[in-house]
file structure_17.cif (mmCIF, C-alpha atoms)
data_my_file
#
loop_
_atom_site.label_atom_id
_atom_site.label_comp_id
_atom_site.auth_asym_id
_atom_site.auth_seq_id
_atom_site.Cartn_x
_atom_site.Cartn_y
_atom_site.Cartn_z
CA MET W 1 -24.65 164.89 33.04
CA ARG W 2 -21.33 164.38 31.35
CA ILE W 3 -20.18 163.10 27.93
CA LEU W 4 -17.41 160.45 27.77
CA LEU W 5 -14.58 159.70 30.14
CA SER W 6 -12.41 162.33 28.56
CA PHE W 7 -11.44 165.96 28.42
CA PHE W 8 -12.47 168.54 25.91
CA PHE W 9 -9.16 170.10 24.91
CA MET W 10 -9.75 173.65 23.72
CA SER W 11 -8.55 177.06 24.86
CA SER W 12 -10.60 176.47 27.99
CA PHE W 13 -10.21 173.25 29.92
CA CYS W 14 -13.66 171.70 30.01
CA ILE W 15 -14.37 168.42 31.78
CA ASN W 16 -16.66 165.99 29.98
CA ALA W 17 -18.24 168.43 27.55
CA GLN W 18 -21.83 167.79 26.51
CA VAL W 19 -22.55 168.44 22.85
CA ILE W 20 -26.13 167.12 22.71
CA ALA W 21 -28.76 167.47 25.43
CA ILE W 22 -32.48 166.82 25.92
CA GLY W 23 -34.84 168.63 28.27
CA GLN W 24 -38.56 168.24 28.80
CA GLY W 25 -39.77 168.53 25.23
CA HIS W 26 -36.73 170.19 23.67
CA SER W 27 -33.19 169.39 22.55
CA VAL W 28 -29.94 171.29 22.14
CA PHE W 29 -27.21 170.56 19.58
CA LEU W 30 -23.72 172.10 19.79
CA CYS W 31 -22.53 172.87 16.25
CA GLU W 32 -18.89 172.67 15.19
CA SER W 33 -19.07 176.45 14.73
CA GLY W 34 -19.39 176.78 18.52
CA ILE W 35 -22.93 178.14 18.20
CA PRO W 36 -25.79 175.88 19.41
CA GLN W 37 -29.04 174.94 17.70
CA SER W 38 -32.26 173.84 19.40
CA SER W 39 -35.58 172.24 18.51
CA GLY W 40 -38.85 171.28 20.17
CA TRP W 41 -41.28 172.97 22.53
CA ASN W 42 -40.30 176.60 23.15
CA TYR W 43 -41.87 176.87 26.60
CA GLN W 44 -40.85 180.14 28.26
CA GLY W 45 -38.23 180.69 25.57
CA VAL W 46 -36.19 177.58 26.36
CA LEU W 47 -35.06 177.22 22.73
CA GLY W 48 -33.28 180.57 23.03
CA THR W 49 -34.49 181.66 19.61
CA GLY W 50 -36.40 184.71 20.80
CA ASP W 51 -39.45 183.92 18.68
CA GLY W 52 -41.55 181.91 21.16
CA THR W 53 -42.28 179.37 18.44
CA GLY W 54 -41.69 175.61 18.56
CA HIS W 55 -39.50 174.08 15.89
CA ALA W 56 -39.35 170.53 14.53
CA THR W 57 -36.14 171.34 12.64
CA PRO W 58 -33.17 172.64 14.69
CA VAL W 59 -32.69 176.41 14.49
CA THR W 60 -29.76 178.55 15.60
CA VAL W 61 -29.92 179.99 19.09
CA ALA W 62 -30.20 183.79 19.08
CA GLY W 63 -28.14 186.39 20.90
CA ASN W 64 -24.44 187.06 21.16
CA ILE W 65 -23.24 183.68 22.36
CA SER W 66 -20.33 182.07 20.52
CA ASN W 67 -17.40 179.74 21.17
CA ILE W 68 -19.65 177.45 23.20
CA ILE W 69 -17.93 174.23 24.29
CA SER W 70 -20.61 172.52 26.40
CA VAL W 71 -24.39 172.56 26.75
CA SER W 72 -26.78 171.29 29.42
CA ALA W 73 -30.57 171.04 29.23
CA GLY W 74 -32.84 171.00 32.26
CA SER W 75 -36.58 170.51 32.25
CA ASN W 76 -37.28 173.91 30.72
CA SER W 77 -33.96 175.75 31.06
CA ASN W 78 -30.62 175.59 29.26
CA LEU W 79 -27.08 176.57 30.17
CA PHE W 80 -24.18 177.11 27.76
CA LEU W 81 -20.47 177.16 28.70
CA ASP W 82 -18.08 179.13 26.49
CA ASN W 83 -14.33 178.78 26.01
CA GLN W 84 -13.65 181.60 28.45
CA GLY W 85 -15.35 179.72 31.27
CA ARG W 86 -18.41 182.00 31.15
CA ILE W 87 -21.96 180.68 31.39
CA TRP W 88 -25.04 181.74 29.48
CA GLY W 89 -28.66 180.73 30.13
CA CYS W 90 -32.14 180.83 28.61
CA GLY W 91 -35.64 179.57 29.27
CA LEU W 92 -37.63 179.18 32.46
CA ASN W 93 -36.23 181.12 35.43
CA PHE W 94 -39.11 180.81 37.89
CA TYR W 95 -36.80 179.58 40.67
CA GLY W 96 -33.75 181.59 39.63
CA GLN W 97 -32.12 178.56 37.99
CA LEU W 98 -30.46 180.79 35.38
CA GLY W 99 -28.55 182.61 38.12
CA ASP W 100 -28.88 186.10 36.66
CA GLY W 101 -30.19 187.66 39.88
CA THR W 102 -33.81 187.69 38.70
CA PHE W 103 -36.76 185.34 38.39
CA THR W 104 -37.46 186.53 34.85
CA ASN W 105 -37.74 184.00 32.02
CA ARG W 106 -35.20 184.51 29.23
CA PRO W 107 -36.18 183.82 25.58
CA VAL W 108 -32.65 184.69 24.41
CA PRO W 109 -29.47 183.54 26.22
CA ILE W 110 -28.09 186.02 28.71
CA LEU W 111 -24.64 186.06 30.30
CA ILE W 112 -24.79 185.02 33.95
CA PRO W 113 -23.03 187.69 36.04
CA GLY W 114 -19.86 186.70 37.85
CA THR W 115 -19.16 183.57 35.83
CA SER W 116 -15.58 182.94 34.75
CA GLY W 117 -13.22 180.01 35.08
CA PHE W 118 -15.99 177.40 35.00
CA ILE W 119 -15.35 174.00 33.41
CA ALA W 120 -18.62 172.05 33.73
CA ILE W 121 -22.38 172.69 33.92
CA SER W 122 -25.35 170.52 34.88
CA VAL W 123 -29.01 171.58 34.88
CA GLY W 124 -31.60 169.65 36.87
CA GLU W 125 -35.38 169.92 37.07
CA SER W 126 -35.29 173.40 38.59
CA HIS W 127 -31.72 173.93 39.80
CA SER W 128 -28.28 174.26 38.26
CA LEU W 129 -24.79 173.16 39.29
CA LEU W 130 -21.54 174.79 38.13
CA LEU W 131 -18.00 173.42 38.53
CA LYS W 132 -15.09 175.86 38.63
CA ASN W 133 -11.47 175.23 37.65
CA ASP W 134 -10.40 175.43 41.30
CA GLY W 135 -12.56 172.42 42.23
CA THR W 136 -15.31 174.47 43.90
CA VAL W 137 -19.01 174.01 43.11
CA TRP W 138 -21.60 176.72 42.75
CA SER W 139 -25.38 176.35 42.49
CA MET W 140 -28.57 178.30 41.97
CA GLY W 141 -32.32 177.80 41.57
CA ARG W 142 -34.78 175.86 43.66
CA ASN W 143 -33.42 174.43 46.89
CA PHE W 144 -36.12 171.81 47.47
CA GLU W 145 -34.95 169.40 50.20
CA GLY W 146 -31.50 171.02 50.13
CA LYS W 147 -30.42 170.06 46.61
CA LEU W 148 -28.38 173.29 46.27
CA GLY W 149 -26.11 172.12 49.08
CA TYR W 150 -26.50 175.19 51.29
CA THR W 151 -27.06 175.17 55.02
CA THR W 152 -30.77 175.93 54.66
CA ALA W 153 -33.37 173.97 52.69
CA ASN W 154 -36.22 175.14 50.46
CA GLU W 155 -34.73 178.60 49.88
CA SER W 156 -34.39 179.45 46.20
CA SER W 157 -31.41 181.47 44.99
CA SER W 158 -31.43 183.60 41.84
CA VAL W 159 -27.67 184.18 42.03
CA ILE W 160 -24.82 181.67 41.92
CA ARG W 161 -23.63 180.70 45.39
CA GLN W 162 -20.68 178.55 46.36
CA ILE W 163 -21.38 175.31 48.21
CA PRO W 164 -19.06 175.93 51.15
CA THR W 165 -18.40 172.34 52.20
CA LEU W 166 -17.15 171.09 48.82
CA SER W 167 -13.62 171.22 47.37
CA GLY W 168 -11.54 169.13 45.00
CA ILE W 169 -14.61 168.29 42.91
CA THR W 170 -14.05 166.93 39.39
CA ALA W 171 -17.60 166.19 38.20
CA ILE W 172 -21.18 167.26 38.95
CA ALA W 173 -24.61 165.78 38.17
CA ALA W 174 -27.97 167.44 38.80
CA GLY W 175 -30.96 165.13 39.18
CA ASN W 176 -34.61 165.91 39.74
CA TYR W 177 -34.39 166.80 43.42
CA HIS W 178 -30.85 165.69 44.29
CA SER W 179 -27.27 166.52 43.36
CA LEU W 180 -24.11 164.43 43.04
CA PHE W 181 -20.47 165.52 43.29
CA LEU W 182 -17.40 163.43 42.40
CA LYS W 183 -14.25 164.29 44.32
CA ASN W 184 -10.64 163.93 43.15
CA ASP W 185 -10.06 161.09 45.61
CA GLY W 186 -12.78 158.94 44.00
CA THR W 187 -15.40 159.58 46.68
CA VAL W 188 -18.91 160.83 45.85
CA TRP W 189 -20.96 163.31 47.85
CA ALA W 190 -24.68 163.99 47.57
CA CYS W 191 -27.40 166.29 48.85
CA GLY W 192 -31.11 166.90 48.37
CA LEU W 193 -34.02 164.49 48.42
CA GLY W 194 -33.12 161.01 49.63
CA SER W 195 -36.48 159.33 50.14
CA SER W 196 -35.76 156.55 47.63
CA GLY W 197 -32.15 156.05 48.68
CA GLN W 198 -30.75 158.06 45.77
CA LEU W 199 -28.14 159.70 48.03
CA ALA W 200 -26.54 156.24 48.39
CA ASN W 201 -25.63 156.75 52.03
CA GLY W 202 -27.54 153.89 53.64
CA ILE W 203 -30.61 155.86 54.68
CA SER W 204 -33.76 157.21 53.05
CA ALA W 205 -33.54 160.78 54.27
CA SER W 206 -32.78 164.13 52.70
CA ARG W 207 -29.51 166.01 53.26
CA ILE W 208 -29.18 169.79 52.99
CA ILE W 209 -25.38 169.60 53.16
CA PRO W 210 -23.45 167.21 50.89
CA TYR W 211 -22.91 163.86 52.61
CA GLN W 212 -20.51 161.13 51.53
CA CYS W 213 -22.02 158.24 49.57
CA ASN W 214 -21.16 154.65 50.46
CA ILE W 215 -18.96 154.07 47.43
CA THR W 216 -15.30 154.78 46.58
CA ASP W 217 -12.90 154.63 43.60
CA VAL W 218 -15.53 156.26 41.38
CA VAL W 219 -14.63 157.81 38.01
CA ASP W 220 -18.03 158.82 36.60
CA ILE W 221 -21.48 159.74 37.90
CA ALA W 222 -25.00 160.42 36.61
CA ALA W 223 -28.22 161.48 38.31
CA GLY W 224 -31.70 160.40 37.23
CA SER W 225 -35.11 161.34 38.53
CA GLU W 226 -34.70 159.52 41.85
CA HIS W 227 -31.67 157.29 41.26
CA SER W 228 -27.90 157.64 40.93
CA LEU W 229 -25.32 155.87 38.76
CA PHE W 230 -21.59 155.34 39.31
CA ILE W 231 -18.67 153.83 37.38
CA LYS W 232 -15.80 152.57 39.52
CA SER W 233 -12.16 152.56 38.45
CA ASP W 234 -12.31 148.80 37.95
CA GLY W 235 -14.96 149.31 35.25
CA THR W 236 -17.92 148.04 37.26
CA VAL W 237 -21.16 150.02 37.30
CA TRP W 238 -23.19 150.64 40.45
CA ALA W 239 -26.57 152.22 41.18
CA ALA W 240 -28.73 153.38 44.09
CA GLY W 241 -32.17 154.85 44.68
CA ASN W 242 -35.60 154.26 43.19
CA ASN W 243 -35.89 150.94 41.37
CA TYR W 244 -39.61 150.80 40.62
CA TYR W 245 -38.97 150.45 36.89
CA GLY W 246 -35.77 148.43 37.17
CA GLN W 247 -33.57 151.47 36.54
CA LEU W 248 -30.88 150.13 38.88
CA GLY W 249 -30.40 147.13 36.60
CA ASP W 250 -29.96 144.55 39.36
CA ASN W 251 -32.86 142.34 38.18
CA THR W 252 -35.17 143.51 40.98
CA VAL W 253 -37.60 146.35 41.64
CA ILE W 254 -36.30 146.93 45.16
CA ASN W 255 -35.17 150.45 46.07
CA ARG W 256 -31.54 150.54 47.20
CA LYS W 257 -30.14 152.86 49.88
CA ASN W 258 -26.62 151.61 49.22
CA PRO W 259 -25.09 151.18 45.75
CA VAL W 260 -25.58 147.77 44.12
CA ALA W 261 -23.78 146.34 41.11
CA VAL W 262 -25.60 146.67 37.79
CA SER W 263 -25.96 143.28 36.10
CA ASN W 264 -24.51 142.12 32.78
CA LEU W 265 -22.24 145.07 32.06
CA THR W 266 -18.62 145.25 30.88
CA GLY W 267 -16.62 147.89 29.07
CA VAL W 268 -18.78 150.85 30.14
CA ILE W 269 -17.13 154.25 29.74
CA LYS W 270 -20.09 156.54 30.46
CA VAL W 271 -23.32 156.42 32.49
CA ILE W 272 -26.28 158.53 31.39
CA SER W 273 -29.62 159.51 32.87
CA CYS W 274 -31.51 162.78 33.33
CA PRO W 275 -33.72 164.57 35.87
CA THR W 276 -36.94 163.35 34.23
CA SER W 277 -35.83 159.79 33.52
CA ASN W 278 -36.54 156.51 35.28
CA GLY W 279 -34.11 154.75 32.98
CA SER W 280 -30.34 154.22 32.94
CA TYR W 281 -28.10 154.19 29.90
CA PHE W 282 -24.56 152.96 29.45
CA LEU W 283 -22.13 153.87 26.65
CA LYS W 284 -19.64 151.07 26.04
CA SER W 285 -16.09 151.22 24.75
CA ASP W 286 -17.14 149.44 21.54
CA GLY W 287 -19.51 152.30 20.67
CA THR W 288 -22.72 150.49 21.62
CA CYS W 289 -25.39 151.36 24.19
CA MET W 290 -27.12 149.32 26.88
CA ALA W 291 -30.19 150.47 28.83
CA THR W 292 -32.34 149.39 31.74
CA GLY W 293 -35.50 150.66 33.42
CA ASP W 294 -38.48 152.55 32.03
CA ASN W 295 -39.04 153.38 28.35
CA VAL W 296 -36.25 151.14 27.12
CA GLY W 297 -38.46 150.45 24.13
CA MET W 298 -38.32 154.13 23.22
CA ILE W 299 -34.64 153.93 22.34
CA GLY W 300 -34.39 151.29 19.70
CA ASN W 301 -35.53 147.86 20.87
CA ASP W 302 -38.81 146.07 21.47
CA VAL W 303 -38.57 145.98 25.28
CA ALA W 304 -40.82 148.51 27.06
CA GLN W 305 -39.19 147.97 30.44
CA SER W 306 -36.23 145.92 31.58
CA LEU W 307 -34.80 144.99 34.97
CA VAL W 308 -31.33 144.38 33.53
CA PRO W 309 -29.38 146.18 30.79
CA VAL W 310 -30.33 145.29 27.22
CA PRO W 311 -28.95 146.58 23.88
CA ALA W 312 -30.44 149.87 22.73
CA GLY W 313 -29.95 152.47 20.04
CA PRO W 314 -27.76 152.16 16.93
CA ASP W 315 -25.66 149.04 16.42
CA GLY W 316 -22.40 150.89 17.02
CA ASN W 317 -20.21 153.94 16.42
CA ILE W 318 -22.02 155.84 19.19
CA ARG W 319 -20.00 158.72 20.54
CA ALA W 320 -22.46 160.31 22.98
CA ILE W 321 -26.00 159.82 24.27
CA ALA W 322 -28.64 162.23 25.57
CA VAL W 323 -31.93 161.01 27.05
CA SER W 324 -35.14 162.22 28.60
CA SER W 325 -38.18 160.40 29.94
CA ASP W 326 -39.36 159.12 26.56
CA GLN W 327 -36.83 160.02 23.88
CA ALA W 328 -33.14 159.66 23.13
CA LEU W 329 -30.49 161.16 20.88
CA PHE W 330 -27.34 159.35 19.74
CA LEU W 331 -24.29 161.15 18.37
CA LYS W 332 -22.28 158.93 16.04
CA ASN W 333 -18.61 159.14 15.14
CA ASP W 334 -19.44 160.70 11.76
CA SER W 335 -21.01 163.72 13.57
CA SER W 336 -24.57 162.70 12.67
CA VAL W 337 -27.30 162.64 15.33
CA TRP W 338 -30.07 160.05 15.43
CA GLY W 339 -33.22 160.22 17.52
CA ILE W 340 -35.99 157.90 18.61
CA GLY W 341 -39.11 158.20 20.76
CA ASN W 342 -41.46 161.09 21.47
CA SER W 343 -41.04 164.03 19.08
CA ALA W 344 -44.57 165.42 19.36
CA SER W 345 -43.05 168.82 20.14
CA GLY W 346 -40.32 168.43 17.54
CA GLN W 347 -37.65 167.74 20.15
CA LEU W 348 -35.78 165.13 18.09
CA GLY W 349 -35.17 167.68 15.36
CA ILE W 350 -36.26 165.29 12.61
CA GLY W 351 -38.53 167.79 10.86
CA THR W 352 -41.88 166.44 12.06
CA PHE W 353 -44.07 166.75 15.15
CA SER W 354 -44.63 163.03 15.62
CA PHE W 355 -43.49 159.90 17.42
CA ALA W 356 -40.42 158.18 15.94
CA SER W 357 -40.74 154.43 16.44
CA THR W 358 -37.43 153.80 14.68
CA LEU W 359 -34.18 155.73 14.60
CA GLN W 360 -34.45 158.89 12.52
CA GLN W 361 -31.60 161.20 11.59
CA SER W 362 -31.82 164.66 13.10
CA LEU W 363 -31.60 167.62 10.75
CA SER W 364 -29.15 169.38 13.04
CA CYS W 365 -25.83 170.92 12.10
CA ASN W 366 -22.55 169.00 12.17
CA ILE W 367 -21.88 168.44 15.85
CA LEU W 368 -18.71 169.69 17.53
CA LEU W 369 -16.61 166.60 18.25
CA ASP W 370 -13.93 166.23 20.90
CA THR W 371 -10.65 164.39 20.31
CA HIS W 372 -11.69 161.15 21.93
CA GLU W 373 -13.25 158.18 20.18
CA PRO W 374 -14.65 155.48 22.47
CA THR W 375 -13.62 152.73 20.07
CA LYS W 376 -9.98 153.51 20.89
CA GLN W 377 -10.47 152.24 24.42
CA GLU W 378 -9.32 148.79 23.31
CA ALA W 379 -6.20 150.19 21.62
CA TYR W 380 -4.87 151.89 24.78
CA LEU W 381 -5.54 150.32 28.16
CA ILE W 382 -4.03 151.54 31.43
CA SER W 383 -3.39 149.41 34.48
CA PRO W 384 -3.53 149.07 37.40
CA ASN W 385 -6.29 151.44 38.36
CA PRO W 386 -6.03 152.59 41.12
CA ALA W 387 -2.22 152.78 40.82
CA THR W 388 0.43 153.29 43.49
CA ASN W 389 3.86 153.85 41.95
CA MET W 390 3.71 152.67 38.33
CA LEU W 391 1.08 153.06 35.61
CA HIS W 392 1.35 150.76 32.60
CA ILE W 393 0.07 151.45 29.08
CA ASN W 394 -0.97 148.37 27.16
CA HIS W 395 -1.40 149.37 23.53
CA LYS W 396 -1.73 148.11 19.99
CA GLY W 397 -0.58 151.34 18.33
CA GLN W 398 2.54 153.49 18.51
CA ILE W 399 2.72 156.18 21.18
CA ALA W 400 4.08 159.65 20.45
CA ASN W 401 3.81 160.96 24.01
CA SER W 402 1.71 160.79 27.17
CA ILE W 403 0.62 163.65 29.42
CA ILE W 404 -0.84 163.42 32.92
CA TYR W 405 -3.16 166.17 34.19
CA ASP W 406 -4.53 166.76 37.66
CA SER W 407 -8.27 167.22 38.23
CA LEU W 408 -8.05 170.95 37.49
CA GLY W 409 -6.31 170.53 34.15
CA LYS W 410 -2.74 171.30 35.23
CA ILE W 411 0.01 169.19 33.63
CA THR W 412 1.74 167.16 36.31
CA ALA W 413 3.92 164.82 34.21
CA GLU W 414 4.94 164.19 30.61
CA PHE W 415 6.46 161.05 29.07
CA GLY W 416 8.07 160.27 25.72
CA ASN W 417 7.30 157.75 23.02
CA GLU W 418 9.28 154.91 24.55
CA ASP W 419 7.56 155.09 27.91
CA GLU W 420 5.06 152.30 28.48
CA SER W 421 5.61 152.01 32.24
CA LEU W 422 5.15 155.41 33.83
CA ASP W 423 6.62 156.31 37.21
CA ILE W 424 3.87 158.18 39.07
CA SER W 425 5.31 157.78 42.56
CA SER W 426 5.85 161.53 42.89
CA LEU W 427 2.16 162.35 42.33
CA GLU W 428 -0.01 163.21 45.30
CA PRO W 429 -2.93 160.83 45.96
CA GLY W 430 -6.05 161.77 44.01
CA LEU W 431 -7.81 161.66 40.66
CA TYR W 432 -5.78 162.20 37.47
CA PHE W 433 -6.24 162.03 33.72
CA ILE W 434 -3.78 160.61 31.22
CA ARG W 435 -3.83 161.70 27.60
CA ILE W 436 -2.05 159.34 25.21
CA ILE W 437 -1.25 160.64 21.73
CA SER W 438 -0.37 158.26 18.90
CA ILE W 439 2.12 158.92 16.11
CA TYR W 440 -0.92 159.59 13.91
CA ASN W 441 -1.97 162.41 16.28
CA GLU W 442 -4.94 160.43 17.58
CA ALA W 443 -5.75 161.08 21.22
CA PHE W 444 -7.05 158.80 23.98
CA THR W 445 -7.91 160.09 27.46
CA ALA W 446 -8.74 158.12 30.60
CA LYS W 447 -9.11 158.69 34.32
CA PHE W 448 -7.11 156.94 36.98
CA ILE W 449 -6.72 157.16 40.72
CA LYS W 450 -3.30 157.54 42.37
CA LYS W 451 -3.29 155.91 45.78
#

call {"tool": "encode", "arguments": {"input": "structure_17.cif", "output": "structure tokens"}}
result
Amino acid sequence: MRILLSFFFMSSFCINAQVIAIGQGHSVFLCESGIPQSSGWNYQGVLGTGDGTGHATPVTVAGNISNIISVSAGSNSNLFLDNQGRIWGCGLNFYGQLGDGTFTNRPVPILIPGTSGFIAISVGESHSLLLKNDGTVWSMGRNFEGKLGYTTANESSSVIRQIPTLSGITAIAAGNYHSLFLKNDGTVWACGLGSSGQLANGISASRIIPYQCNITDVVDIAAGSEHSLFIKSDGTVWAAGNNYYGQLGDNTVINRKNPVAVSNLTGVIKVISCPTSNGSYFLKSDGTCMATGDNVGMIGNDVAQSLVPVPAGPDGNIRAIAVSSDQALFLKNDSSVWGIGNSASGQLGIGTFSFASTLQQSLSCNILLDTHEPTKQEAYLISPNPATNMLHINHKGQIANSIIYDSLGKITAEFGNEDESLDISSLEPGLYFIRIISIYNEAFTAKFIKK
């Protein structure tokens, strides 16, 4: 699960930082102080407050964690990434998904041994994925049907272990019983349960070792309960897997073993789902949200289920989205968070243990915002993508400078304020990020593929 097609530029280089997250009956909010809050059902200490009590109003997570830059919520476990690349965890640890070498539940966040240099985290139903700054992926927890990516299936691990067959990875997504990995060449790899076609490799079988999906030129991924979502570099959105509720958005309820194009979508910059969800959500460059599949009516429209994407959530100014099976949170550009759907356990943080049939503002802290605003997508457009020798910036504002980073955050090229056509012929083929800074110190970041 990853927020926006952008970087999170802090002292640690964090790819697609998540600042709001929803689990199974709880939510996590990353405050601008770098210390998270949580609300909802406190099953096995998942709120990290140490008191074992549920909360309808967000409360500060206990312990010694600070300088957190990304959060991820699984069914009943949470991970927190700090600006030193270290990872902390709390909640249910029955399968070792917290990676601390035990199977002991943790009501207060503990530091996971041996974690440093990590840049992304993703928690699934009972397993966790970690992305390191060298492009390697590490995992822990339940290995049902091989979702940890090791050479043996159904063997839980309470310590972090490297997935030996993966390298050059730039993004990770943990689903219910499957895992997705985006590589720096735009290919996607998957492992775990494949019975509904969610591994997108043309068959309905599980894989204990990551196997290449039948899709290329991908720039963003998301994993749902039994389906997978992809954005390609041309801006099109694709999906594979279980389609019983219409979560693939192709106007059918037919499961797909190969990715199919999602209908009626343009301008999508982020795909969102979660391990417990049979729905798909799409953040657009104009700050609006579209959704398809189950429980669409839970997130701000009157449609209970849809086979194609329909408008959902606030009318605009959406910066990030977090969803679960029957609730959603929307972070707006003013740092406020709005929730809708099931809050019987207090998970929306709106102060009551009840269902919210309309958008309600969460009582959380001011959320830590990154430097990217999705509404700037129209002000700075890059083309072509993929690119071979030249990359062009089409813009409405004035550029101060542009910086190109490789997939591990290393600067590979810098250009001045007069450069609108960038010579990238010297770059090696792969996935890159360009950060464009305006004369007003506004920043825009996008991915592109160098052929």

call {"tool": "resolve_selection", "arguments": {"input": "structure_17.cif", "expression": "the PyMOL selection byres ((chain W and resi 248-257) around 6)", "output": "CSV table (one decimal) with C-alpha atoms, keeping the file's coordinate frame"}}
result
chain,number,residue,atom,x,y,z
W,197,GLY,CA,-32.2,156.0,48.7
W,200,ALA,CA,-26.5,156.2,48.4
W,202,GLY,CA,-27.5,153.9,53.6
W,203,ILE,CA,-30.6,155.9,54.7
W,239,ALA,CA,-26.6,152.2,41.2
W,240,ALA,CA,-28.7,153.4,44.1
W,241,GLY,CA,-32.2,154.8,44.7
W,242,ASN,CA,-35.6,154.3,43.2
W,243,ASN,CA,-35.9,150.9,41.4
W,244,TYR,CA,-39.6,150.8,40.6
W,246,GLY,CA,-35.8,148.4,37.2
W,247,GLN,CA,-33.6,151.5,36.5
W,258,ASN,CA,-26.6,151.6,49.2
W,262,VAL,CA,-25.6,146.7,37.8
W,263,SER,CA,-26.0,143.3,36.1
W,292,THR,CA,-32.3,149.4,31.7
W,307,LEU,CA,-34.8,145.0,35.0
W,308,VAL,CA,-31.3,144.4,33.5
W,309,PRO,CA,-29.4,146.2,30.8

call {"tool": "closest_residue", "arguments": {"input": "structure_17.cif", "among": "W:Val159, W:Ala356, W:Ile112, W:Leu369", "to": "Arg319 in chain W", "atoms": "all atoms listed in the file"}}
result
W:Leu369

call {"tool": "atom_distance", "arguments": {"input": "structure_17.cif", "atom1": "CA of Asn176 in chain W", "atom2": "CA of Ser126 in chain W"}}
result
7.6 Å

call {"tool": "closest_residue", "arguments": {"input": "structure_17.cif", "among": "W:Ser402, W:Asn64, W:Thr388, W:Gln162", "to": "Leu427 in chain W", "atoms": "only C-alpha atoms"}}
result
W:Thr388

call {"tool": "atom_distance", "arguments": {"input": "structure_17.cif", "atom1": "CA of Gly349 in chain W", "atom2": "CA of Leu98 in chain W"}}
result
24.4 Å

call {"tool": "resolve_selection", "arguments": {"input": "structure_17.cif", "expression": "the PyMOL selection byres ((chain W and resi 265-269) around 8)", "output": "list in words"}}
result
Leu4, Leu5, Ile231, Gly235, Thr236, Val237, Val262, Ser263, Asn264, Lys270, Val271, Phe282, Leu283, Lys284, Ser285, Asp286, Pro309 and Pro374 of chain W

call {"tool": "write_last_selection", "arguments": {"input": "structure_17.cif", "atoms": "C-alpha atoms", "output": "mmCIF file, in the coordinates of the input"}}
result
data_model
loop_
_atom_site.group_PDB
_atom_site.id
_atom_site.type_symbol
_atom_site.label_atom_id
_atom_site.label_comp_id
_atom_site.auth_asym_id
_atom_site.auth_seq_id
_atom_site.Cartn_x
_atom_site.Cartn_y
_atom_site.Cartn_z
ATOM 1 C CA LEU W 4 -17.410 160.450 27.770
ATOM 2 C CA LEU W 5 -14.580 159.700 30.140
ATOM 3 C CA ILE W 231 -18.670 153.830 37.380
ATOM 4 C CA GLY W 235 -14.960 149.310 35.250
ATOM 5 C CA THR W 236 -17.920 148.040 37.260
ATOM 6 C CA VAL W 237 -21.160 150.020 37.300
ATOM 7 C CA VAL W 262 -25.600 146.670 37.790
ATOM 8 C CA SER W 263 -25.960 143.280 36.100
ATOM 9 C CA ASN W 264 -24.510 142.120 32.780
ATOM 10 C CA LYS W 270 -20.090 156.540 30.460
ATOM 11 C CA VAL W 271 -23.320 156.420 32.490
ATOM 12 C CA PHE W 282 -24.560 152.960 29.450
ATOM 13 C CA LEU W 283 -22.130 153.870 26.650
ATOM 14 C CA LYS W 284 -19.640 151.070 26.040
ATOM 15 C CA SER W 285 -16.090 151.220 24.750
ATOM 16 C CA ASP W 286 -17.140 149.440 21.540
ATOM 17 C CA PRO W 309 -29.380 146.180 30.790
ATOM 18 C CA PRO W 374 -14.650 155.480 22.470
#

call {"tool": "residues_near_point", "arguments": {"input": "structure_17.cif", "point": "(-42.5, 169.0, 16.0)", "cutoff": "9 Å", "atoms": "all atoms listed in the file", "output": "MDAnalysis selection string"}}
result
chainID W and resid 39:41 54:57 343:354

call {"tool": "resolve_selection", "arguments": {"input": "structure_17.cif", "expression": "the PyMOL selection byres ((chain W and resi 61) around 9)", "output": "ChimeraX atom specification"}}
result
/W:35-38,47-50,59-60,62-63,65,108-109

call {"tool": "write_last_selection", "arguments": {"input": "structure_17.cif", "atoms": "C-alpha atoms", "output": "mmCIF file, keeping the file's coordinate frame"}}
result
data_model
loop_
_atom_site.group_PDB
_atom_site.id
_atom_site.type_symbol
_atom_site.label_atom_id
_atom_site.label_comp_id
_atom_site.auth_asym_id
_atom_site.auth_seq_id
_atom_site.Cartn_x
_atom_site.Cartn_y
_atom_site.Cartn_z
ATOM 1 C CA ILE W 35 -22.930 178.140 18.200
ATOM 2 C CA PRO W 36 -25.790 175.880 19.410
ATOM 3 C CA GLN W 37 -29.040 174.940 17.700
ATOM 4 C CA SER W 38 -32.260 173.840 19.400
ATOM 5 C CA LEU W 47 -35.060 177.220 22.730
ATOM 6 C CA GLY W 48 -33.280 180.570 23.030
ATOM 7 C CA THR W 49 -34.490 181.660 19.610
ATOM 8 C CA GLY W 50 -36.400 184.710 20.800
ATOM 9 C CA VAL W 59 -32.690 176.410 14.490
ATOM 10 C CA THR W 60 -29.760 178.550 15.600
ATOM 11 C CA ALA W 62 -30.200 183.790 19.080
ATOM 12 C CA GLY W 63 -28.140 186.390 20.900
ATOM 13 C CA ILE W 65 -23.240 183.680 22.360
ATOM 14 C CA VAL W 108 -32.650 184.690 24.410
ATOM 15 C CA PRO W 109 -29.470 183.540 26.220
#

call {"tool": "closest_residue", "arguments": {"input": "structure_17.cif", "among": "W:Ser357, W:Asn83, W:Gln97, W:Thr445", "to": "Ser158 in chain W", "atoms": "only C-alpha atoms"}}
result
W:Gln97

call {"tool": "residues_near_point", "arguments": {"input": "structure_17.cif", "point": "(5.5, 160.3, 22.8)", "cutoff": "6 Å", "atoms": "all atoms listed in the file", "output": "JSON, numbers by chain"}}
result
{"W": [399, 400, 401, 402, 416, 417]}
